[in-house]
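Enquirer: This one is entry-v5.csv, CSV, C-alpha atoms.
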```csv
chain,number,residue,atom,x,y,z
A,24,MET,CA,101.9,85.3,120.5
A,25,PRO,CA,105.0,86.7,118.7
A,26,ASP,CA,107.9,87.8,120.8
A,27,ILE,CA,108.9,91.3,119.8
A,28,PHE,CA,112.5,90.2,119.9
A,29,ALA,CA,112.0,87.1,117.7
A,30,PRO,CA,112.9,87.0,114.0
A,31,THR,CA,110.2,87.5,111.4
A,32,THR,CA,109.6,88.2,107.7
A,33,LEU,CA,107.7,90.8,105.8
A,34,GLY,CA,107.3,89.4,102.3
A,35,ALA,CA,110.9,88.7,101.1
A,36,ILE,CA,112.3,90.9,103.8
A,37,ARG,CA,113.9,89.1,106.8
A,38,MET,CA,113.9,90.9,110.1
A,39,SER,CA,116.1,89.9,113.1
A,40,ASN,CA,113.2,91.1,115.4
A,41,HIS,CA,109.8,92.6,115.1
A,42,ILE,CA,111.1,96.2,115.7
A,43,ALA,CA,111.5,98.6,112.8
A,44,MET,CA,113.1,102.0,112.8
A,45,ALA,CA,110.7,104.4,111.2
A,46,PRO,CA,111.7,106.8,108.5
A,47,MET,CA,112.9,110.2,109.8
A,48,THR,CA,114.2,113.2,107.8
A,49,ARG,CA,117.5,114.4,109.4
A,50,ASP,CA,118.9,116.8,106.7
A,51,ARG,CA,122.5,115.6,106.6
A,52,ALA,CA,123.1,114.7,103.0
A,53,GLY,CA,126.1,115.9,101.0
A,54,SER,CA,126.5,118.5,98.3
A,55,GLN,CA,125.2,116.1,95.6
A,56,ASP,CA,122.3,114.9,97.8
A,57,GLU,CA,124.4,111.7,98.5
A,58,PRO,CA,124.7,109.8,101.8
A,59,THR,CA,127.8,111.0,103.7
A,60,ASP,CA,130.2,109.0,105.9
A,61,THR,CA,128.4,110.5,108.9
A,62,MET,CA,125.1,109.1,107.6
A,63,VAL,CA,126.7,105.7,107.1
A,64,GLU,CA,127.7,105.8,110.8
A,65,TYR,CA,124.2,106.9,111.9
A,66,TYR,CA,122.5,104.0,110.2
A,67,ARG,CA,125.3,101.5,111.3
A,68,GLN,CA,124.7,102.5,114.9
A,69,ARG,CA,121.0,101.6,114.7
A,70,ALA,CA,121.4,98.3,112.8
A,71,SER,CA,120.1,96.2,115.7
A,72,ALA,CA,116.6,97.2,114.5
A,73,GLY,CA,115.0,94.3,112.7
A,74,LEU,CA,114.4,96.6,109.8
A,75,ILE,CA,115.5,100.2,109.1
A,76,VAL,CA,113.3,102.2,106.9
A,77,THR,CA,115.5,105.0,105.6
A,78,GLU,CA,114.7,108.7,105.8
A,79,GLY,CA,112.7,109.9,102.8
A,80,VAL,CA,114.8,109.7,99.6
A,81,GLN,CA,113.8,111.7,96.5
A,82,PRO,CA,113.5,109.7,93.3
A,83,SER,CA,114.3,112.7,91.1
A,84,PRO,CA,115.5,116.3,91.5
A,85,ALA,CA,111.8,117.5,91.3
A,86,GLY,CA,111.1,115.3,94.3
A,87,LYS,CA,113.2,117.3,96.6
A,88,GLY,CA,111.6,120.0,98.8
A,89,TYR,CA,113.7,120.1,102.0
A,90,TRP,CA,117.2,121.1,102.7
A,91,ARG,CA,119.9,118.4,102.4
A,92,THR,CA,117.7,115.4,101.9
A,93,PRO,CA,119.3,112.5,100.0
A,94,GLY,CA,118.4,111.2,96.5
A,95,ILE,CA,118.6,107.9,94.7
A,96,HIS,CA,118.7,109.1,91.1
A,97,SER,CA,122.4,109.4,90.4
A,98,ASP,CA,125.4,107.1,90.5
A,99,VAL,CA,127.0,109.1,93.3
A,100,GLN,CA,123.9,108.7,95.4
A,101,THR,CA,123.5,105.0,94.7
A,102,ALA,CA,127.1,104.4,95.6
A,103,GLY,CA,126.5,106.3,98.9
A,104,TRP,CA,123.6,104.2,99.7
A,105,ARG,CA,125.6,101.0,99.0
A,106,LYS,CA,128.0,102.2,101.7
A,107,VAL,CA,125.1,102.6,104.1
A,108,ASN,CA,123.7,99.2,103.3
A,109,ASP,CA,127.0,97.5,103.7
A,110,ALA,CA,127.5,99.0,107.1
A,111,VAL,CA,124.1,97.9,108.3
A,112,THR,CA,124.2,94.4,106.9
A,113,ALA,CA,127.7,93.9,108.4
A,114,ARG,CA,125.9,94.2,111.8
A,115,GLY,CA,123.1,91.9,110.8
A,116,GLY,CA,120.6,94.6,110.0
A,117,ALA,CA,118.3,95.1,107.0
A,118,LEU,CA,117.4,98.3,105.1
A,119,VAL,CA,114.5,99.4,102.9
A,120,MET,CA,114.4,102.8,101.3
A,121,GLN,CA,111.5,105.1,101.7
A,122,LEU,CA,110.9,106.9,98.3
A,123,MET,CA,109.6,110.4,99.0
A,124,HIS,CA,108.5,112.8,96.3
A,125,VAL,CA,107.4,115.9,98.0
A,126,GLY,CA,105.4,117.4,95.1
A,127,ARG,CA,104.0,120.7,96.1
A,128,ALA,CA,105.5,120.5,99.7
A,129,SER,CA,108.6,122.3,98.4
A,130,VAL,CA,110.7,125.4,98.9
A,131,ARG,CA,112.5,126.7,95.8
A,132,ALA,CA,115.7,127.5,97.6
A,133,ASN,CA,116.1,123.9,98.8
A,134,LYS,CA,116.3,122.3,95.4
A,135,ASP,CA,118.3,122.6,92.2
A,136,PRO,CA,117.3,125.8,90.3
A,137,SER,CA,116.4,123.7,87.3
A,138,ALA,CA,114.2,121.3,89.2
A,139,ASP,CA,110.5,121.4,88.5
A,140,THR,CA,107.7,121.7,91.1
A,141,TYR,CA,104.4,120.0,90.2
A,142,ALA,CA,101.4,118.4,91.8
A,143,PRO,CA,98.0,117.0,90.8
A,144,SER,CA,96.6,120.5,90.6
A,145,ALA,CA,98.0,124.1,90.7
A,146,ILE,CA,97.1,124.5,94.4
A,147,ALA,CA,99.8,125.6,96.9
A,148,ALA,CA,100.0,124.0,100.3
A,149,ALA,CA,98.9,126.3,103.1
A,150,THR,CA,102.0,125.6,105.1
A,151,LYS,CA,105.6,126.8,105.6
A,152,ILE,CA,108.8,124.7,105.1
A,153,PRO,CA,112.2,125.7,106.4
A,154,GLY,CA,114.6,127.0,103.8
A,155,PRO,CA,118.4,126.6,103.8
A,156,ASP,CA,118.8,129.0,106.7
A,157,GLY,CA,116.2,127.1,108.8
A,158,VAL,CA,113.6,129.9,108.6
A,159,PRO,CA,110.2,128.6,107.4
A,160,VAL,CA,108.9,130.1,104.2
A,161,GLU,CA,105.7,129.6,102.2
A,162,THR,CA,105.7,126.8,99.7
A,163,GLU,CA,105.6,127.6,96.0
A,164,THR,CA,102.5,127.1,93.8
A,165,PRO,CA,103.0,124.0,91.7
A,166,ARG,CA,102.1,123.5,88.1
A,167,PRO,CA,99.6,120.7,87.5
A,168,LEU,CA,101.1,117.5,86.0
A,169,GLU,CA,99.9,116.9,82.5
A,170,LEU,CA,98.2,113.6,81.9
A,171,SER,CA,101.0,112.7,79.4
A,172,GLU,CA,103.7,113.3,82.0
A,173,ILE,CA,102.4,110.9,84.7
A,174,PRO,CA,104.0,107.8,83.2
A,175,SER,CA,107.4,109.5,83.3
A,176,VAL,CA,107.0,110.3,87.0
A,177,ILE,CA,106.1,106.7,87.7
A,178,ALA,CA,109.1,105.6,85.7
A,179,GLU,CA,111.3,107.7,88.0
A,180,TYR,CA,110.0,105.8,91.0
A,181,VAL,CA,110.7,102.6,89.2
A,182,GLN,CA,114.3,103.6,88.4
A,183,ALA,CA,114.7,104.7,92.0
A,184,ALA,CA,113.5,101.2,93.2
A,185,LYS,CA,116.0,99.6,90.8
A,186,ASN,CA,118.8,101.8,92.1
A,187,ALA,CA,117.9,101.0,95.7
A,188,ARG,CA,118.1,97.2,94.9
A,189,ALA,CA,121.4,97.8,93.0
A,190,ALA,CA,122.7,99.4,96.2
A,191,GLY,CA,121.9,96.2,98.1
A,192,LEU,CA,118.8,97.4,100.0
A,193,GLU,CA,116.0,94.8,100.7
A,194,GLY,CA,113.3,96.8,99.1
A,195,VAL,CA,111.4,100.1,99.0
A,196,GLU,CA,108.6,101.9,100.8
A,197,LEU,CA,106.4,104.3,98.9
A,198,HIS,CA,105.7,107.4,101.0
A,199,CYS,CA,102.0,107.9,100.6
A,200,ALA,CA,101.7,110.0,103.8
A,201,SER,CA,102.5,113.4,105.2
A,202,GLY,CA,101.1,115.4,102.4
A,203,TYR,CA,103.6,114.4,99.7
A,204,LEU,CA,102.9,113.7,96.0
A,205,PRO,CA,101.0,110.4,96.3
A,206,MET,CA,98.9,111.7,99.1
A,207,GLN,CA,98.3,114.9,97.1
A,208,PHE,CA,96.7,112.7,94.5
A,209,LEU,CA,94.8,110.8,97.1
A,210,SER,CA,93.3,113.9,98.9
A,211,SER,CA,90.3,115.7,97.6
A,212,ASN,CA,91.5,119.2,98.5
A,213,SER,CA,94.8,119.0,96.7
A,214,ASN,CA,93.5,116.9,93.7
A,215,GLN,CA,91.1,118.9,91.7
A,216,ARG,CA,91.7,117.1,88.4
A,217,THR,CA,88.9,116.2,86.0
A,218,ASP,CA,90.7,113.4,84.2
A,219,SER,CA,91.2,109.8,85.1
A,220,TYR,CA,93.4,110.7,88.1
A,221,GLY,CA,90.9,113.0,89.8
A,222,GLY,CA,87.4,113.2,91.1
A,223,SER,CA,86.2,109.9,92.5
A,224,ALA,CA,88.2,108.0,95.1
A,225,THR,CA,88.8,105.3,92.4
A,226,ASN,CA,90.5,107.9,90.2
A,227,ARG,CA,92.4,109.6,93.0
A,228,ILE,CA,94.1,106.4,94.2
A,229,ARG,CA,95.2,105.6,90.6
A,230,PHE,CA,98.6,107.3,90.8
A,231,ALA,CA,99.7,105.5,94.0
A,232,VAL,CA,98.4,102.2,92.8
A,233,GLU,CA,100.2,102.5,89.4
A,234,ILE,CA,103.5,103.3,91.2
A,235,MET,CA,103.2,100.2,93.4
A,236,GLU,CA,102.2,98.0,90.4
A,237,ALA,CA,105.2,99.3,88.4
A,238,MET,CA,107.7,98.9,91.1
A,239,SER,CA,106.4,95.4,91.9
A,240,ALA,CA,106.9,94.4,88.3
A,241,VAL,CA,110.6,95.2,88.4
A,242,ILE,CA,111.8,94.3,92.0
A,243,GLY,CA,109.0,92.0,93.1
A,244,ALA,CA,105.9,92.9,95.1
A,245,ASP,CA,107.3,91.1,98.2
A,246,ARG,CA,110.0,93.8,98.3
A,247,VAL,CA,107.6,96.8,98.1
A,248,GLY,CA,105.8,98.4,101.0
A,249,PHE,CA,103.9,101.7,101.5
A,250,ARG,CA,103.2,104.1,104.3
A,251,ILE,CA,99.9,105.9,104.9
A,252,CYS,CA,98.4,108.2,107.5
A,253,PRO,CA,94.6,108.5,106.8
A,254,GLY,CA,93.1,111.7,108.0
A,255,ILE,CA,96.3,113.4,109.1
A,256,GLY,CA,96.4,117.1,108.0
A,257,PHE,CA,100.1,117.6,107.7
A,258,ASN,CA,101.2,119.8,104.8
A,259,ASP,CA,97.6,120.9,104.3
A,260,MET,CA,95.8,117.6,103.6
A,261,LYS,CA,92.0,117.9,104.0
A,262,ASP,CA,90.4,114.9,102.3
A,263,ALA,CA,86.6,115.1,102.4
A,264,ASN,CA,86.2,111.4,103.2
A,265,PRO,CA,89.5,109.7,104.1
A,266,ALA,CA,87.7,106.4,105.1
A,267,GLU,CA,86.4,106.1,101.6
A,268,THR,CA,89.7,107.0,100.0
A,269,TYR,CA,91.8,104.6,101.9
A,270,GLU,CA,89.3,101.7,101.8
A,271,ALA,CA,89.5,102.1,98.0
A,272,LEU,CA,93.3,102.2,98.0
A,273,ILE,CA,93.7,99.1,100.2
A,274,ARG,CA,91.1,97.1,98.2
A,275,ALA,CA,93.1,98.0,95.0
A,276,VAL,CA,96.6,97.1,96.2
A,277,ASN,CA,95.7,94.1,98.4
A,278,ARG,CA,95.8,91.8,95.4
A,279,LEU,CA,99.4,92.7,94.6
A,280,GLY,CA,101.0,90.7,97.4
A,281,LEU,CA,103.1,93.6,98.8
A,282,ALA,CA,105.6,93.2,101.6
A,283,TYR,CA,103.7,95.4,104.1
A,284,MET,CA,101.5,98.4,104.8
A,285,HIS,CA,103.0,100.9,107.3
A,286,ILE,CA,100.4,102.8,109.2
A,287,ILE,CA,100.9,106.0,111.2
A,288,HIS,CA,98.1,105.3,113.7
A,289,VAL,CA,97.0,108.5,115.6
A,290,PRO,CA,93.2,108.4,116.0
A,291,GLN,CA,93.5,111.0,118.8
A,292,TYR,CA,94.4,113.5,116.0
A,293,THR,CA,92.4,112.2,113.1
A,294,GLY,CA,89.3,110.7,114.7
A,295,LEU,CA,89.9,107.7,112.5
A,296,ASP,CA,91.1,104.3,113.7
A,297,SER,CA,93.0,103.3,110.6
A,298,ILE,CA,94.0,99.8,111.7
A,299,GLU,CA,90.4,99.0,112.7
A,300,LEU,CA,89.2,100.4,109.4
A,301,LEU,CA,91.7,98.8,107.1
A,302,ARG,CA,92.8,95.5,108.7
A,303,PRO,CA,89.7,93.6,107.5
A,304,LEU,CA,90.5,94.7,103.9
A,305,TRP,CA,94.2,93.8,104.0
A,306,SER,CA,95.4,90.3,103.9
A,307,GLY,CA,99.1,91.2,104.2
A,308,ASN,CA,101.5,92.5,106.9
A,309,ILE,CA,101.1,95.7,108.8
A,310,ILE,CA,103.8,97.7,110.5
A,311,GLY,CA,102.1,99.8,113.2
A,312,ASN,CA,103.5,103.2,114.3
A,313,SER,CA,102.0,105.3,117.1
A,314,GLY,CA,104.5,106.6,119.7
A,315,LEU,CA,104.8,103.1,121.1
A,316,THR,CA,106.7,101.8,124.1
A,317,ARG,CA,108.3,98.4,124.4
A,318,GLU,CA,105.1,97.2,126.3
A,319,THR,CA,102.6,98.7,123.9
A,320,GLY,CA,104.5,97.5,120.9
A,321,GLN,CA,104.3,93.9,122.3
A,322,ALA,CA,100.6,94.4,123.0
A,323,TRP,CA,100.0,95.4,119.4
A,324,LEU,CA,101.8,92.3,118.2
A,325,ASP,CA,99.8,90.2,120.7
A,326,SER,CA,96.6,91.6,119.2
A,327,GLY,CA,97.4,90.0,115.8
A,328,LYS,CA,96.5,93.2,114.0
A,329,VAL,CA,100.1,94.1,113.2
A,330,GLN,CA,103.1,92.0,112.3
A,331,ALA,CA,105.8,94.5,113.3
A,332,VAL,CA,106.0,97.8,115.1
A,333,SER,CA,108.1,100.9,114.3
A,334,TYR,CA,109.7,103.5,116.4
A,335,GLY,CA,110.9,106.9,115.2
A,336,GLN,CA,112.0,109.4,117.8
A,337,ALA,CA,113.1,106.8,120.2
A,338,PHE,CA,115.7,105.6,117.8
A,339,VAL,CA,117.1,109.2,117.5
A,340,GLY,CA,118.5,109.3,121.0
A,341,ASN,CA,118.9,105.6,121.5
A,342,PRO,CA,121.0,103.9,118.8
A,343,ASP,CA,120.8,100.8,120.9
A,344,LEU,CA,117.1,101.0,121.4
A,345,VAL,CA,116.5,97.2,121.0
A,346,GLU,CA,119.1,96.4,123.7
A,347,ARG,CA,117.6,99.0,126.0
A,348,PHE,CA,114.2,97.4,125.5
A,349,LYS,CA,115.6,93.9,126.3
A,350,ILE,CA,117.2,94.9,129.6
A,351,GLY,CA,114.8,97.7,130.6
A,352,ALA,CA,117.4,100.4,130.4
A,353,PRO,CA,116.2,104.0,130.4
A,354,ILE,CA,115.2,105.6,127.1
A,355,VAL,CA,117.0,108.9,126.4
A,356,GLU,CA,115.0,111.9,125.2
A,357,LEU,CA,116.2,113.2,121.9
A,358,ASN,CA,117.5,116.8,121.5
A,359,ARG,CA,115.0,118.5,119.3
A,360,ASN,CA,117.3,121.4,118.6
A,361,THR,CA,119.6,119.2,116.6
A,362,LEU,CA,117.1,117.1,114.7
A,363,TYR,CA,117.8,118.9,111.4
A,364,THR,CA,121.1,120.6,112.1
A,365,GLY,CA,124.3,119.8,114.0
A,366,SER,CA,125.1,123.5,114.6
A,367,GLY,CA,128.0,123.3,112.2
A,368,ASP,CA,128.9,119.7,113.0
A,369,ASP,CA,126.6,117.1,111.5
A,370,ARG,CA,127.6,114.6,114.2
A,371,VAL,CA,126.0,116.6,117.0
A,372,GLY,CA,122.6,115.3,117.9
A,373,TYR,CA,123.0,112.6,115.2
A,374,THR,CA,125.8,110.1,115.9
A,375,ASP,CA,127.0,111.3,119.3
A,376,TYR,CA,124.2,109.7,121.4
A,377,PRO,CA,125.9,107.2,123.8
A,378,LEU,CA,125.0,103.5,124.4
A,379,HIS,CA,123.2,102.6,127.6
A,380,THR,CA,126.5,101.7,129.1
A,381,GLY,CA,127.7,105.3,128.6
A,382,ALA,CA,130.1,104.2,125.9
A,383,PRO,CA,130.1,106.0,122.5
A,384,ALA,CA,127.9,104.4,120.0
```
Represent the structure from my file as structure tokens, please.
Expert:
Amino acid sequence: MPDIFAPTTLGAIRMSNHIAMAPMTRDRAGSQDEPTDTMVEYYRQRASAGLIVTEGVQPSPAGKGYWRTPGIHSDVQTAGWRKVNDAVTARGGALVMQLMHVGRASVRANKDPSADTYAPSAIAAATKIPGPDGVPVETETPRPLELSEIPSVIAEYVQAAKNARAAGLEGVELHCASGYLPMQFLSSNSNQRTDSYGGSATNRIRFAVEIMEAMSAVIGADRVGFRICPGIGFNDMKDANPAETYEALIRAVNRLGLAYMHIIHVPQYTGLDSIELLRPLWSGNIIGNSGLTRETGQAWLDSGKVQAVSYGQAFVGNPDLVERFKIGAPIVELNRNTLYTGSGDDRVGYTDYPLHTGAPA
């Protein structure tokens, strides 16, 4: 049975332990959507995780939909991520970048005025997203991507993956969850296309599969992962048959030799046990995510169904979460009021959580 604290590997990605920090949007990027020095410190503090999956990073201006999320499509952004990576690796940590294109899950005021908003079909998400002042507003109706445009969107993902590697990161994770662009293609309610990217499950998975194939070709499949959440309705996802959709997706990408599959496992909300459904179809590594404790994380590893476990909110209030797990120190509850704003100071509720000794992180 693997020890949660023992080193491991996911493809070409080496982890100092089996604990991953899950991607979490924190809305602290700079004026050019670049990582700031405060963001460098945030990630540095949490470098004892075996692997840090960054917050969602947009591969293009069109991919942005939330306030102050970082990008990886400019030289300034790439240089900022290099600073983040250097700070993490100096402490023995490892980073992969989650590439998040929001598609229709977008508020116009949050993005550059010239940035486009598109999706598989011209169907707005029945949800609200906070604008720059924090007040939730309705999402805009996207325009449908033309068939001829899809290769260029895939090329933006590829360039983003190359930029992430140029910044020193170990690899990338394709965000296929939470109602963002790849999931919009996957889900039958948001994808009403009648061409080769819509209709059947085989067609609806095509966009995500082609992105993973293309990124694998340039940075290596063993440095590419992806995150899914079958059946979750966040951002107005209502797939008619998520089991069929995700079985088709996993069968299609299993042959690529990817680094890992990252599953948000919440059958209590979806009625679908994604790990039980997909594990028999997947010969690679799985990172399991499900509001785990140290004990339940170890139990998941003991089961052999997952090869690593990820923690999200626990890492917010506990920059030294791995050490706390080792010695049984109390886990600090995060301050939800400062998840996306520091009340004028980005450090508040972000880099000011103390270590278990009471010392500043």
Enquirer: Between A:Ile95, A:Arg51, A:Glu196, A:Ala110, which residue has the minimum interatomic distance to Asp368 of chain A, considering all atoms listed in the file?
Expert: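 Closest to Asp368 of chain A, using all atoms listed in the file: A:Arg51.
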Enquirer: Measuring atom to atom with all atoms listed in the file, identify which of A:Ala382, A:Leu281, A:Ile298, A:Ile173 is nearest to Ala244 of chain A.
Expert: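 Of the candidates, the smallest distance to Ala244 of chain A is held by A:Leu281.
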Enquirer: So that I can check the surroundings of Asp259 of chain A, please list as a compact mmCIF listing (two decimals) with C-alpha atoms, in the coordinates of the input every protein, DNA and RNA residue that reaches within 12 Å of it, counting only C-alpha atoms and ignoring chain neighbours fewer than 6 positions away.
Expert:
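Below is the file part.txt, written as the result:
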```
# COMPACT_ATOMS: atom_id res chain seq x y z
CA ARG A 127 104.00 120.70 96.10
CA ALA A 128 105.50 120.50 99.70
CA ILE A 146 97.10 124.50 94.40
CA ALA A 147 99.80 125.60 96.90
CA ALA A 148 100.00 124.00 100.30
CA ALA A 149 98.90 126.30 103.10
CA THR A 150 102.00 125.60 105.10
CA LYS A 151 105.60 126.80 105.60
CA ILE A 152 108.80 124.70 105.10
CA THR A 162 105.70 126.80 99.70
CA ALA A 200 101.70 110.00 103.80
CA SER A 201 102.50 113.40 105.20
CA GLY A 202 101.10 115.40 102.40
CA TYR A 203 103.60 114.40 99.70
CA MET A 206 98.90 111.70 99.10
CA GLN A 207 98.30 114.90 97.10
CA SER A 210 93.30 113.90 98.90
CA SER A 211 90.30 115.70 97.60
CA ASN A 212 91.50 119.20 98.50
CA SER A 213 94.80 119.00 96.70
```
Enquirer: Tell me, in Å to one decimal, how far atom CA of Ala183 of chain A is from atom CA of Lys261 of chain A.
Expert: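 We find that atom CA of Ala183 of chain A and atom CA of Lys261 of chain A lie 28.9 Å from each other.
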Enquirer: Show me as a list in words the residues that reach within 7 Å of (118.0, 108.6, 89.1), counting all atoms listed in the file and using the file's own coordinates.
Expert: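 Protein and nucleic acid residues near the point are Pro82, Ser83, Ile95, His96, Ser97, Glu179, Gln182 and Ala183 of chain A.
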Enquirer: Which one of A:Pro167, A:Gly157, A:Gly320, A:Pro303 sits closest to Pro143 of chain A if you count all atoms listed in the file?
Expert: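 Ranking A:Pro167, A:Gly157, A:Gly320, A:Pro303 by distance to Pro143 of chain A, first place goes to A:Pro167.
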Enquirer: So that I can check the surroundings of Asp135 of chain A, please list as a list in words every protein, DNA and RNA residue that reaches within 9 Å of it, counting all atoms listed in the file and ignoring chain neighbours fewer than 6 positions away.
Expert: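 Result of the neighbour search: Pro84, Ala85 and Lys87 of chain A.
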Enquirer: Using only C-alpha atoms, which residue out of A:Asn108, A:Thr31, A:Gln68, A:Ser313 lies closest to Ala384 of chain A?
Expert: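 Nearest to Ala384 of chain A: A:Gln68.
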Enquirer: Since the input is missing atoms for segment 347-363 of chain A, could you rebuild it with N, CA and C atoms and give the result as a PDB file, in the coordinates of the input?
Expert:
```pdb
ATOM      1  N   ARG A 347     118.199  98.316 124.858  1.00  0.00           N
ATOM      2  CA  ARG A 347     117.600  99.000 126.000  1.00  0.00           C
ATOM      3  C   ARG A 347     116.217  98.352 126.327  1.00  0.00           C
ATOM      4  N   PHE A 348     115.439  98.032 125.289  1.00  0.00           N
ATOM      5  CA  PHE A 348     114.200  97.400 125.500  1.00  0.00           C
ATOM      6  C   PHE A 348     114.389  96.004 126.197  1.00  0.00           C
ATOM      7  N   LYS A 349     115.410  95.276 125.768  1.00  0.00           N
ATOM      8  CA  LYS A 349     115.600  93.900 126.300  1.00  0.00           C
ATOM      9  C   LYS A 349     115.973  93.950 127.787  1.00  0.00           C
ATOM     10  N   ILE A 350     116.780  94.920 128.195  1.00  0.00           N
ATOM     11  CA  ILE A 350     117.200  94.900 129.600  1.00  0.00           C
ATOM     12  C   ILE A 350     116.517  95.925 130.455  1.00  0.00           C
ATOM     13  N   GLY A 351     115.593  96.675 129.865  1.00  0.00           N
ATOM     14  CA  GLY A 351     114.800  97.700 130.600  1.00  0.00           C
ATOM     15  C   GLY A 351     115.646  98.906 130.983  1.00  0.00           C
ATOM     16  N   ALA A 352     116.643  99.238 130.168  1.00  0.00           N
ATOM     17  CA  ALA A 352     117.400 100.400 130.400  1.00  0.00           C
ATOM     18  C   ALA A 352     116.614 101.692 130.079  1.00  0.00           C
ATOM     19  N   PRO A 353     116.911 102.817 130.705  1.00  0.00           N
ATOM     20  CA  PRO A 353     116.200 104.000 130.400  1.00  0.00           C
ATOM     21  C   PRO A 353     116.259 104.471 128.973  1.00  0.00           C
ATOM     22  N   ILE A 354     115.194 105.102 128.502  1.00  0.00           N
ATOM     23  CA  ILE A 354     115.200 105.600 127.100  1.00  0.00           C
ATOM     24  C   ILE A 354     115.527 107.103 127.178  1.00  0.00           C
ATOM     25  N   VAL A 355     116.534 107.483 126.405  1.00  0.00           N
ATOM     26  CA  VAL A 355     117.000 108.900 126.400  1.00  0.00           C
ATOM     27  C   VAL A 355     116.132 109.724 125.518  1.00  0.00           C
ATOM     28  N   GLU A 356     115.799 110.905 125.995  1.00  0.00           N
ATOM     29  CA  GLU A 356     115.000 111.900 125.200  1.00  0.00           C
ATOM     30  C   GLU A 356     115.937 112.478 124.134  1.00  0.00           C
ATOM     31  N   LEU A 357     115.411 112.633 122.941  1.00  0.00           N
ATOM     32  CA  LEU A 357     116.200 113.200 121.900  1.00  0.00           C
ATOM     33  C   LEU A 357     116.336 114.736 122.102  1.00  0.00           C
ATOM     34  N   ASN A 358     117.339 115.317 121.474  1.00  0.00           N
ATOM     35  CA  ASN A 358     117.500 116.800 121.500  1.00  0.00           C
ATOM     36  C   ASN A 358     116.872 117.345 120.251  1.00  0.00           C
ATOM     37  N   ARG A 359     115.711 117.964 120.425  1.00  0.00           N
ATOM     38  CA  ARG A 359     115.000 118.500 119.300  1.00  0.00           C
ATOM     39  C   ARG A 359     115.700 119.608 118.557  1.00  0.00           C
ATOM     40  N   ASN A 360     116.582 120.298 119.240  1.00  0.00           N
ATOM     41  CA  ASN A 360     117.300 121.400 118.600  1.00  0.00           C
ATOM     42  C   ASN A 360     118.286 120.963 117.563  1.00  0.00           C
ATOM     43  N   THR A 361     118.647 119.673 117.585  1.00  0.00           N
ATOM     44  CA  THR A 361     119.600 119.200 116.600  1.00  0.00           C
ATOM     45  C   THR A 361     119.042 118.126 115.684  1.00  0.00           C
ATOM     46  N   LEU A 362     117.711 118.072 115.600  1.00  0.00           N
ATOM     47  CA  LEU A 362     117.100 117.100 114.700  1.00  0.00           C
ATOM     48  C   LEU A 362     117.517 117.336 113.253  1.00  0.00           C
ATOM     49  N   TYR A 363     117.556 118.589 112.845  1.00  0.00           N
ATOM     50  CA  TYR A 363     117.800 118.900 111.400  1.00  0.00           C
ATOM     51  C   TYR A 363     119.087 119.708 111.214  1.00  0.00           C
TER      52      TYR A 363
END
```
